[in-house]
Amino acid sequence: MTNVIYEVADSVAVMTLNRPEAANAQNRALLDELDAAWREAEADDQVRVIVLRANGRHFSAGHDLKDRWPAPEPVTLEWIYNAEAQRFLGYALRWRNIPKPSIAAVQGKCIAAGLMLCWPCDLIVAAENAEFSDPVALMGIGGVEYHGHTWEFGARKAKEILFTGGSITAEEAARCGMVNHVVPLDELDDKAEELARRIARMPPFALRQVKRAVNQTLDVQGFHAAIQSAFDIHQTGHGNALSVSGSAMLTWLDGMKDKLKSE
């Protein structure tokens, strides 16, 4: 693998996003390699905790919009739905439900689909310079495919972030309950590693039971059904764009870039 570095030491698997030249934007290769790394960590009985981190200034700039997938001509909503159900929603839900504790270490920008990398993790440690945003309303879409906003931010803050295309700081995310710890940038990896080592000393089956109990509680409250429903709503954005322009998105990329720079 070249887009993701996978290492194991002292019962902790560390997965590192390795496209710093592209702000760790997610192309198909990165997503497939990352899914393979998650699967390897899940299958390895020596691994008790999983850490997801990123090389470079930013955790992830979201989907790589320059990545061209093999697609029919013309592109159909059925094709978009199936492709995103597999690599976007499907991957994120699988990572969330892997029965081992996971920690995301986030620095710099975490934009749109970047959220779909850290949200499936059980804990999030953020550097003081971390910023979280989902400005895809500027693309005619109501939010990324794994629509965890309401669960992570609370309903009103989720609406504000999505309505305005704005960002939320690490400290604000911590106050919302989305982030567990905020640390100086140069302490980010050490904090994530220290937390992982503490967790790895716990009985592994007990950790599995804890994770299942908490995730099942969220699912009983409607998390899984809501995520699936919001994914279908997301697809209406693509459908509308196709009907209006023939493209899967009503892309206002310059406006999005300007918005991100101003935040």
# chains A, B, ... in the order shown; residues from 1 in each chain; ligands from 1
>>> residues_around(residues="Ala230 in chain A", least_positions_apart="2", cutoff="12 Å", atoms="only C-alpha atoms", output="list in words")
Ala85, Leu89, Ile141, Gly142, Gly143, Val144, Glu145, Tyr146, His147, Gly148, His149, Thr150, Gly222, Phe223, His224, Ala225, Ala226, Ile227, Gln228, Asp232, Ile233, His234, Gln235, Thr236 and Gly237 of chain A
>>> residues_around(residues="Trp95 in chain A", least_positions_apart="2", cutoff="12 Å", atoms="only C-alpha atoms", output="ChimeraX atom specification")
/A:31,34-42,50-52,87-93,97-104,116-122,146
>>> write_last_selection(atoms="N, CA and C atoms", output="mmCIF file, in the first residue's frame")
data_model
loop_
_atom_site.group_PDB
_atom_site.id
_atom_site.type_symbol
_atom_site.label_atom_id
_atom_site.label_comp_id
_atom_site.auth_asym_id
_atom_site.auth_seq_id
_atom_site.Cartn_x
_atom_site.Cartn_y
_atom_site.Cartn_z
ATOM 1 N N LEU A 31 -9.103 4.887 -0.259
ATOM 2 C CA LEU A 31 -10.215 4.288 0.467
ATOM 3 C C LEU A 31 -10.105 2.768 0.501
ATOM 4 N N LEU A 34 -7.304 1.826 2.827
ATOM 5 C CA LEU A 34 -7.696 2.049 4.212
ATOM 6 C C LEU A 34 -8.646 0.947 4.688
ATOM 7 N N ASP A 35 -9.581 0.558 3.847
ATOM 8 C CA ASP A 35 -10.482 -0.531 4.214
ATOM 9 C C ASP A 35 -9.699 -1.822 4.426
ATOM 10 N N ALA A 36 -8.707 -2.076 3.585
ATOM 11 C CA ALA A 36 -7.872 -3.271 3.750
ATOM 12 C C ALA A 36 -7.121 -3.218 5.076
ATOM 13 N N ALA A 37 -6.655 -2.029 5.469
ATOM 14 C CA ALA A 37 -5.942 -1.883 6.736
ATOM 15 C C ALA A 37 -6.879 -2.141 7.922
ATOM 16 N N TRP A 38 -8.090 -1.598 7.853
ATOM 17 C CA TRP A 38 -9.077 -1.870 8.904
ATOM 18 C C TRP A 38 -9.344 -3.371 9.021
ATOM 19 N N ARG A 39 -9.508 -4.025 7.885
ATOM 20 C CA ARG A 39 -9.783 -5.462 7.898
ATOM 21 C C ARG A 39 -8.613 -6.244 8.491
ATOM 22 N N GLU A 40 -7.397 -5.844 8.140
ATOM 23 C CA GLU A 40 -6.218 -6.531 8.674
ATOM 24 C C GLU A 40 -6.141 -6.363 10.186
ATOM 25 N N ALA A 41 -6.395 -5.157 10.664
ATOM 26 C CA ALA A 41 -6.373 -4.919 12.105
ATOM 27 C C ALA A 41 -7.458 -5.720 12.813
ATOM 28 N N GLU A 42 -8.613 -5.816 12.195
ATOM 29 C CA GLU A 42 -9.701 -6.593 12.795
ATOM 30 C C GLU A 42 -9.339 -8.074 12.891
ATOM 31 N N ILE A 50 -6.922 0.305 17.563
ATOM 32 C CA ILE A 50 -6.598 0.821 16.232
ATOM 33 C C ILE A 50 -6.512 2.339 16.301
ATOM 34 N N VAL A 51 -5.448 2.891 15.736
ATOM 35 C CA VAL A 51 -5.278 4.347 15.671
ATOM 36 C C VAL A 51 -5.240 4.772 14.208
ATOM 37 N N LEU A 52 -6.029 5.787 13.876
ATOM 38 C CA LEU A 52 -6.029 6.380 12.535
ATOM 39 C C LEU A 52 -5.449 7.783 12.622
ATOM 40 N N ARG A 87 -18.354 2.291 -1.238
ATOM 41 C CA ARG A 87 -17.089 2.863 -0.780
ATOM 42 C C ARG A 87 -17.251 3.955 0.270
ATOM 43 N N PHE A 88 -18.368 4.627 0.301
ATOM 44 C CA PHE A 88 -18.525 5.720 1.246
ATOM 45 C C PHE A 88 -19.316 5.260 2.473
ATOM 46 N N LEU A 89 -20.603 5.052 2.328
ATOM 47 C CA LEU A 89 -21.406 4.632 3.472
ATOM 48 C C LEU A 89 -20.993 3.254 3.964
ATOM 49 N N GLY A 90 -20.814 2.314 3.040
ATOM 50 C CA GLY A 90 -20.501 0.946 3.439
ATOM 51 C C GLY A 90 -19.205 0.837 4.215
ATOM 52 N N TYR A 91 -18.161 1.473 3.710
ATOM 53 C CA TYR A 91 -16.886 1.432 4.413
ATOM 54 C C TYR A 91 -17.015 2.055 5.802
ATOM 55 N N ALA A 92 -17.633 3.241 5.884
ATOM 56 C CA ALA A 92 -17.725 3.948 7.167
ATOM 57 C C ALA A 92 -18.474 3.125 8.207
ATOM 58 N N LEU A 93 -19.584 2.509 7.810
ATOM 59 C CA LEU A 93 -20.350 1.697 8.760
ATOM 60 C C LEU A 93 -19.560 0.468 9.191
ATOM 61 N N ASN A 97 -18.238 -0.467 13.171
ATOM 62 C CA ASN A 97 -18.681 -1.663 13.877
ATOM 63 C C ASN A 97 -17.597 -2.711 14.072
ATOM 64 N N ILE A 98 -16.367 -2.435 13.663
ATOM 65 C CA ILE A 98 -15.273 -3.363 13.959
ATOM 66 C C ILE A 98 -15.135 -3.467 15.480
ATOM 67 N N PRO A 99 -15.122 -4.688 16.019
ATOM 68 C CA PRO A 99 -15.246 -4.853 17.474
ATOM 69 C C PRO A 99 -13.958 -4.640 18.251
ATOM 70 N N LYS A 100 -13.207 -3.612 17.901
ATOM 71 C CA LYS A 100 -12.014 -3.224 18.636
ATOM 72 C C LYS A 100 -12.027 -1.712 18.795
ATOM 73 N N PRO A 101 -11.577 -1.189 19.922
ATOM 74 C CA PRO A 101 -11.564 0.263 20.103
ATOM 75 C C PRO A 101 -10.685 0.942 19.053
ATOM 76 N N SER A 102 -11.122 2.111 18.611
ATOM 77 C CA SER A 102 -10.374 2.859 17.609
ATOM 78 C C SER A 102 -10.296 4.326 18.008
ATOM 79 N N ILE A 103 -9.199 4.961 17.614
ATOM 80 C CA ILE A 103 -8.933 6.356 17.964
ATOM 81 C C ILE A 103 -8.498 7.094 16.701
ATOM 82 N N ALA A 104 -9.104 8.239 16.435
ATOM 83 C CA ALA A 104 -8.675 9.102 15.340
ATOM 84 C C ALA A 104 -7.867 10.252 15.914
ATOM 85 N N MET A 116 -16.017 11.404 7.590
ATOM 86 C CA MET A 116 -16.390 9.993 7.470
ATOM 87 C C MET A 116 -15.223 9.065 7.772
ATOM 88 N N LEU A 117 -14.041 9.629 7.987
ATOM 89 C CA LEU A 117 -12.895 8.840 8.442
ATOM 90 C C LEU A 117 -12.774 8.869 9.967
ATOM 91 N N CYS A 118 -13.008 10.045 10.574
ATOM 92 C CA CYS A 118 -12.853 10.120 12.032
ATOM 93 C C CYS A 118 -14.125 9.740 12.784
ATOM 94 N N TRP A 119 -15.313 10.029 12.234
ATOM 95 C CA TRP A 119 -16.547 9.704 12.948
ATOM 96 C C TRP A 119 -16.737 8.220 13.230
ATOM 97 N N PRO A 120 -16.361 7.306 12.343
ATOM 98 C CA PRO A 120 -16.512 5.892 12.687
ATOM 99 C C PRO A 120 -15.619 5.440 13.838
ATOM 100 N N CYS A 121 -14.595 6.220 14.179
ATOM 101 C CA CYS A 121 -13.711 5.853 15.284
ATOM 102 C C CYS A 121 -14.416 6.098 16.619
ATOM 103 N N ASP A 122 -14.028 5.337 17.619
ATOM 104 C CA ASP A 122 -14.690 5.420 18.919
ATOM 105 C C ASP A 122 -14.295 6.665 19.695
ATOM 106 N N TYR A 146 -22.222 9.639 4.999
ATOM 107 C CA TYR A 146 -22.362 9.132 6.372
ATOM 108 C C TYR A 146 -22.774 10.322 7.231
#
>>> closest_residue(among="A:Gly154, A:Glu193, A:Pro20, A:Glu33", to="Val8 in chain A", atoms="only C-alpha atoms")
A:Glu193
>>> closest_residue(among="A:Thr76, A:Ser133, A:Ser229, A:Asn82", to="Gly166 in chain A", atoms="only C-alpha atoms")
A:Ser133
>>> select_by_dssp(residues="range 10-247 of chain A", states="strand (DSSP E)", output="VMD selection string")
chain A and resid 12 to 17 49 to 54 102 to 106 109 to 111 123 to 127 131 to 133 167 to 169 181 to 183
>>> write_last_selection(atoms="N, CA, C and O atoms", output="CSV table (one decimal), in the first residue's frame")
chain,number,residue,atom,x,y,z
A,12,VAL,N,-1.1,-2.3,19.3
A,12,VAL,CA,-1.7,-1.2,18.7
A,12,VAL,C,-1.4,-1.1,17.2
A,12,VAL,O,-0.3,-1.1,16.8
A,13,ALA,N,-2.5,-1.1,16.3
A,13,ALA,CA,-2.3,-0.9,14.9
A,13,ALA,C,-2.5,0.5,14.6
A,13,ALA,O,-3.5,1.2,15.0
A,14,VAL,N,-1.5,1.1,13.8
A,14,VAL,CA,-1.5,2.5,13.4
A,14,VAL,C,-1.7,2.5,11.9
A,14,VAL,O,-0.9,2.0,11.2
A,15,MET,N,-2.8,3.2,11.5
A,15,MET,CA,-3.0,3.4,10.1
A,15,MET,C,-2.8,4.9,9.8
A,15,MET,O,-3.5,5.7,10.4
A,16,THR,N,-1.9,5.2,8.8
A,16,THR,CA,-1.6,6.5,8.5
A,16,THR,C,-2.0,6.9,7.1
A,16,THR,O,-1.5,6.3,6.1
A,17,LEU,N,-2.8,7.9,6.9
A,17,LEU,CA,-3.1,8.4,5.6
A,17,LEU,C,-1.9,9.1,5.0
A,17,LEU,O,-1.3,9.9,5.7
A,49,VAL,N,-6.1,-2.3,19.8
A,49,VAL,CA,-6.6,-1.0,19.6
A,49,VAL,C,-6.1,-0.5,18.2
A,49,VAL,O,-5.0,-0.9,17.8
A,50,ILE,N,-6.9,0.3,17.6
A,50,ILE,CA,-6.6,0.8,16.2
A,50,ILE,C,-6.5,2.3,16.3
A,50,ILE,O,-7.4,3.0,16.9
A,51,VAL,N,-5.4,2.9,15.7
A,51,VAL,CA,-5.3,4.3,15.7
A,51,VAL,C,-5.2,4.8,14.2
A,51,VAL,O,-4.5,4.2,13.4
A,52,LEU,N,-6.0,5.8,13.9
A,52,LEU,CA,-6.0,6.4,12.5
A,52,LEU,C,-5.4,7.8,12.6
A,52,LEU,O,-6.0,8.6,13.4
A,53,ARG,N,-4.4,8.0,11.9
A,53,ARG,CA,-3.7,9.3,11.9
A,53,ARG,C,-3.4,9.7,10.4
A,53,ARG,O,-3.7,8.9,9.5
A,54,ALA,N,-2.8,10.9,10.2
A,54,ALA,CA,-2.5,11.3,8.9
A,54,ALA,C,-1.2,12.1,8.8
A,54,ALA,O,-0.8,12.8,9.7
A,102,SER,N,-11.1,2.1,18.6
A,102,SER,CA,-10.4,2.9,17.6
A,102,SER,C,-10.3,4.3,18.0
A,102,SER,O,-11.2,4.9,18.6
A,103,ILE,N,-9.2,5.0,17.6
A,103,ILE,CA,-8.9,6.4,18.0
A,103,ILE,C,-8.5,7.1,16.7
A,103,ILE,O,-7.6,6.6,16.0
A,104,ALA,N,-9.1,8.2,16.4
A,104,ALA,CA,-8.7,9.1,15.3
A,104,ALA,C,-7.9,10.3,15.9
A,104,ALA,O,-8.3,10.9,16.9
A,105,ALA,N,-6.7,10.5,15.3
A,105,ALA,CA,-5.9,11.7,15.7
A,105,ALA,C,-6.0,12.7,14.5
A,105,ALA,O,-5.5,12.4,13.4
A,106,VAL,N,-6.6,13.9,14.8
A,106,VAL,CA,-6.9,14.8,13.7
A,106,VAL,C,-6.2,16.1,13.9
A,106,VAL,O,-6.2,16.7,15.0
A,109,LYS,N,-7.2,20.7,8.7
A,109,LYS,CA,-8.5,20.6,8.1
A,109,LYS,C,-9.0,19.2,8.1
A,109,LYS,O,-8.3,18.2,7.7
A,110,CYS,N,-10.3,19.0,8.5
A,110,CYS,CA,-11.0,17.8,8.3
A,110,CYS,C,-12.3,18.1,7.6
A,110,CYS,O,-13.3,18.6,8.3
A,111,ILE,N,-12.4,18.0,6.3
A,111,ILE,CA,-13.4,18.6,5.5
A,111,ILE,C,-14.3,17.5,4.9
A,111,ILE,O,-13.8,16.5,4.4
A,123,LEU,N,-13.1,7.1,19.6
A,123,LEU,CA,-12.6,8.3,20.2
A,123,LEU,C,-11.9,9.2,19.2
A,123,LEU,O,-11.3,8.7,18.2
A,124,ILE,N,-11.9,10.5,19.5
A,124,ILE,CA,-11.2,11.4,18.6
A,124,ILE,C,-10.3,12.3,19.5
A,124,ILE,O,-10.8,13.0,20.4
A,125,VAL,N,-9.0,12.4,19.1
A,125,VAL,CA,-8.1,13.3,19.7
A,125,VAL,C,-7.8,14.3,18.7
A,125,VAL,O,-7.4,14.0,17.5
A,126,ALA,N,-7.9,15.6,19.0
A,126,ALA,CA,-7.7,16.7,18.0
A,126,ALA,C,-6.6,17.6,18.4
A,126,ALA,O,-6.5,17.9,19.6
A,127,ALA,N,-5.8,18.0,17.4
A,127,ALA,CA,-4.8,19.1,17.7
A,127,ALA,C,-5.6,20.4,17.8
A,127,ALA,O,-6.7,20.6,17.3
A,131,GLU,N,-9.9,21.8,12.4
A,131,GLU,CA,-11.1,22.4,12.1
A,131,GLU,C,-12.0,21.4,11.3
A,131,GLU,O,-11.5,20.7,10.5
A,132,PHE,N,-13.2,21.3,11.7
A,132,PHE,CA,-14.1,20.3,11.1
A,132,PHE,C,-15.2,21.0,10.3
A,132,PHE,O,-15.8,22.0,10.8
A,133,SER,N,-15.5,20.6,9.1
A,133,SER,CA,-16.5,21.3,8.3
A,133,SER,C,-17.1,20.3,7.2
A,133,SER,O,-16.5,19.3,6.9
A,167,SER,N,-17.1,26.1,9.6
A,167,SER,CA,-16.3,25.1,10.3
A,167,SER,C,-16.5,25.2,11.8
A,167,SER,O,-17.0,26.2,12.3
A,168,ILE,N,-16.1,24.2,12.5
A,168,ILE,CA,-16.1,24.2,13.9
A,168,ILE,C,-14.7,23.9,14.4
A,168,ILE,O,-14.0,23.0,13.9
A,169,THR,N,-14.2,24.6,15.4
A,169,THR,CA,-12.9,24.4,16.0
A,169,THR,C,-12.8,23.1,16.8
A,169,THR,O,-13.9,22.5,17.2
A,181,HIS,N,-10.3,14.8,23.4
A,181,HIS,CA,-9.2,15.6,23.9
A,181,HIS,C,-8.7,16.5,22.9
A,181,HIS,O,-8.6,16.2,21.7
A,182,VAL,N,-8.3,17.7,23.3
A,182,VAL,CA,-7.7,18.7,22.5
A,182,VAL,C,-6.3,19.0,23.0
A,182,VAL,O,-6.1,19.3,24.2
A,183,VAL,N,-5.3,18.8,22.2
A,183,VAL,CA,-3.9,18.9,22.6
A,183,VAL,C,-3.1,19.8,21.6
A,183,VAL,O,-3.5,20.0,20.5
